[in-house]
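Trainee: Structure below; questions to follow.
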Amino acid sequence: MDYNIINTITSSATIKNDRIEYWKNEMNLDASFIPSNNSSTNNDENSNELRVFLTGSTGYLGAYLLAHLLKLPNCTIVYCLLRNKKKLGNPIDDILNNLKQHKLYDQIIPNQLLKIEVVAGDLRKPKFGISIFDYAELANDVNLIINSAANINLESNYERMKTINVNGVREMIKLSISVQPPIKMAFISSFSVFNNHILKQGEEFNEQIQLPLIDNLEKESCGYIQTKIVSEYLLMNASNKFNIPAMIIRSPVLFVNPYTSIGSHDLFQTLFLSSHEIGYYPTLDINVLVSPVTWASNNIMNVILNEKCWNLSTSPLSKSTSIYNINGEIQRFDILFEATLKKEFGCKEMPFLEWCKKVYNSNLISCKRYCRLNTNEFLMLFKIDKGLSVSKNTKSILQSLGSYGGNYTDLNSCGVNEEMILSSISYCNKKTSSKL
């Protein structure tokens, strides 16, 4: 592993040596990482043709990334890694049904849908569990890897989560270095890697330079966050060692599509919906970076597809890895609760643990969905420094691309506003009523 990175993540003397060694081993590139000497058979650096290998296409963010790619004239094929869980039917149906669920299918013309090529495999297995021939064909054809697949269970521990979240990144790195030059790789991480990261007084945040320390990795109780931190260091290390053009994109919390009010019933959405149902909202003194999925996905793709963004790393640790936190300014749960639930519906504030009991004793739909997420401990321990809003560097890039959306009063906003939350509640109420 790169020694500069080791010194960065082991800068604290508060962590026991055996735990430092454990995390270093998790981030280590072992003997199975063997770069190939074979040149790609389909490598034309002068061509702007885009041939993508995408993971997570049946997920929430993945659906939007896929739709964006399919509509690009210069994107000729999108290989989608997909497990056929049911072992029945055509696995592409899972991708198409996901696009339909989020009302993206009708935005794509039939010829664009033909760009989808399913790779029936498993992110957890060596070479994705596909044949040697198919693996070589994939490696020789793609010129961009986008890894957005992840297990996002916020209650599971690291050992359970790493099977997909960390080992999947390892397999993507191996695919990248199976040809020369290595395939460009974009990894979708999360701003939550900075949970409990406290900026020094007067310190200005720059994601290209400031990285999560091993102190936070060891203290972190959320396996999901730990896997994202480990994966980031894995990729930076691989980028240094094998000259992989790499990009780390840290996504915000994703809110519903503000134009359709369709979401994924995630933590942020179910907090508001369940609070509306019971008439109480919890006391949550928490900073959050949250954006509509439309804004986040558009800006993630704008950065990935902008060639200049791959060469802007100012990090002394990894010159080949560009890092971007794609989000707006810090927002607060309590302010959003008061502006929507209290002002519009007369909901009352309640201590968090009392609110949890009330939700868990409810049989209402959104309350049941919140309970299934099992995020109470995560919320109580979650702490994002108020200085971790969008960096000047990333804000400048997004503004230059014309997609920052700093006006919080419209639907193109980089953050969530009252209209979006109220529309989401209204949409879910109508949907629930139609089923009764």
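Here's how to read the names in the structure tokens: chain A, B, ... by the order shown, residue numbers from 1 in each chain, ligand numbers from 1 in the order shown.
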Which of region 63-282 of chain A end up as strand (DSSP E) when DSSP is run on this backbone - answer as a ChimeraX atom specification?
Mentor: /A:75-82,116-120,144-147,184-190,246-251,253-255,280-282
Trainee: So that I can check the surroundings of region 311-317 of chain A, please list as JSON, numbers by chain every protein, DNA and RNA residue that reaches within 7 Å of it, counting only C-alpha atoms and ignoring chain neighbours fewer than 2 positions away.
Mentor: {"A": [4, 5, 208, 209, 308, 309, 319, 320, 321, 322]}
Trainee: Can you tell me, as a list in words, what residues are no more than 8 Å from Tyr233 (chain A) when counting only C-alpha atoms, ignoring any on the same chain fewer than 3 positions away?
Mentor: Ile5, Met27, Ile229, Val230, Met236 and Asn237 of chain A
Trainee: Generate a file of the selected residues that holds C-alpha atoms, formatted as a short mmCIF file (atom, residue, chain, number, x, y, z; two decimals), in the first residue's frame.
Mentor:
```
data_model
loop_
_atom_site.label_atom_id
_atom_site.label_comp_id
_atom_site.auth_asym_id
_atom_site.auth_seq_id
_atom_site.Cartn_x
_atom_site.Cartn_y
_atom_site.Cartn_z
CA ILE A 5 -1.68 7.05 2.44
CA MET A 27 -7.17 -1.73 2.11
CA ILE A 229 -14.01 4.51 3.45
CA VAL A 230 -12.08 1.28 2.83
CA MET A 236 -6.63 5.47 -4.48
CA ASN A 237 -3.98 2.89 -3.74
#
```
Trainee: If we count only C-alpha atoms, what is near region 55-62 of chain A at a cut-off of 9 Å, once residues fewer than 6 positions away on the same chain are taken out, given as a list in words?
Mentor: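 The neighbour list is Tyr79, Cys80, Leu81, Leu82, Asp94, Ile95, Leu96, Asn97, Asn98, Leu99, His102, Leu123, Ile145, Ile146, Asn147, Ser148, Ala149, Ala150, Leu254, Gly263, Ser264, Val293, Thr294, Ala296 and Ser297 of chain A.
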Trainee: Can you list, as a PyMOL selection string, every protein, DNA or RNA residue that comes within 9 Å of Asp285 (chain A) when you count only C-alpha atoms, leaving out same-chain residues fewer than 5 positions away?
Mentor: chain A and resi 332-334
Trainee: Residues within 6 Å of region 372-388 of chain A, please, as a ChimeraX atom specification. Count only C-alpha atoms; anything in the same chain fewer than 4 positions from it doesn't count.
Mentor: /A:195-196,198,287
Trainee: Save out the residues we just selected, N, CA, C and O atoms, as a PDB file, in the first residue's frame.
Mentor:
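What follows is the written file again.pdb:
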```
ATOM      1  N   ASN A 195     -18.642  11.293   8.472  1.00  0.00           N
ATOM      2  CA  ASN A 195     -19.351  11.246   9.746  1.00  0.00           C
ATOM      3  C   ASN A 195     -18.342  11.362  10.886  1.00  0.00           C
ATOM      4  O   ASN A 195     -17.333  10.661  10.914  1.00  0.00           O
ATOM      5  N   ASN A 196     -18.613  12.297  11.793  1.00  0.00           N
ATOM      6  CA  ASN A 196     -17.745  12.566  12.959  1.00  0.00           C
ATOM      7  C   ASN A 196     -16.389  13.158  12.591  1.00  0.00           C
ATOM      8  O   ASN A 196     -15.474  13.185  13.412  1.00  0.00           O
ATOM      9  N   ILE A 198     -14.354  16.268  12.228  1.00  0.00           N
ATOM     10  CA  ILE A 198     -14.450  17.643  12.711  1.00  0.00           C
ATOM     11  C   ILE A 198     -13.359  18.498  12.061  1.00  0.00           C
ATOM     12  O   ILE A 198     -12.172  18.188  12.177  1.00  0.00           O
ATOM     13  N   ASN A 287     -27.137  17.905  11.004  1.00  0.00           N
ATOM     14  CA  ASN A 287     -26.859  18.479   9.689  1.00  0.00           C
ATOM     15  C   ASN A 287     -26.950  17.374   8.647  1.00  0.00           C
ATOM     16  O   ASN A 287     -26.568  16.227   8.911  1.00  0.00           O
TER      17      ASN A 287
END
```
Trainee: Using only C-alpha atoms, pick whichever of A:Pro35, A:Pro351, A:Asn240, A:Lys115 has the shortest atom-to-atom distance to Asn74 (chain A).
Mentor: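 Comparing A:Pro35, A:Pro351, A:Asn240, A:Lys115 against Asn74 (chain A), the winner is A:Lys115.
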Trainee: Got a sec: who's within 8 Å of Leu29 (chain A), counting only C-alpha atoms, leaving out chain neighbours fewer than 3 positions off, as a ChimeraX atom specification?
Mentor: /A:1,32-33,234,237-238
Trainee: If you run DSSP on this backbone, which residues of region 175-279 of chain A come out as alpha helix (DSSP H), and could you give them as a PyMOL selection string?
Mentor: chain A and resi 175-176+214-219+223-242+267-278
Trainee: Have a look at A:Gly415, A:Pro245, A:Pro73, A:Pro292 and name the one nearest to Trp310 (chain A); count only C-alpha atoms.
Mentor: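 That would be A:Pro245, the residue with the smallest distance to Trp310 (chain A).
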Trainee: Which of these, A:Val179, A:Leu65, A:Leu104, A:Leu54, has the shortest distance to Glu117 (chain A) once you count only C-alpha atoms?
Mentor: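 Residue with the minimum atom-to-atom distance to Glu117 (chain A): A:Leu54.
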Trainee: May I ask which of the residues A:Asp410, A:Cys222, A:Phe133, A:Ser261 is the closest one to Lys431 (chain A), counting only C-alpha atoms?
Mentor: A:Ser261
Trainee: Nearest to Asn38 (chain A) among A:Ile225, A:Met247, A:Ile177, A:Ile304, with distances taken over only C-alpha atoms: which residue is it?
Mentor: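 Nearest candidate to Asn38 (chain A) out of A:Ile225, A:Met247, A:Ile177, A:Ile304: A:Ile177.
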Trainee: Could you check the closest approach to Asn151 (chain A) for each of A:Met350, A:Leu66, A:Ala139, A:Ile164 and tell me which residue wins, using only C-alpha atoms?
Mentor: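 Of all the options, A:Ile164 lies closest to Asn151 (chain A).
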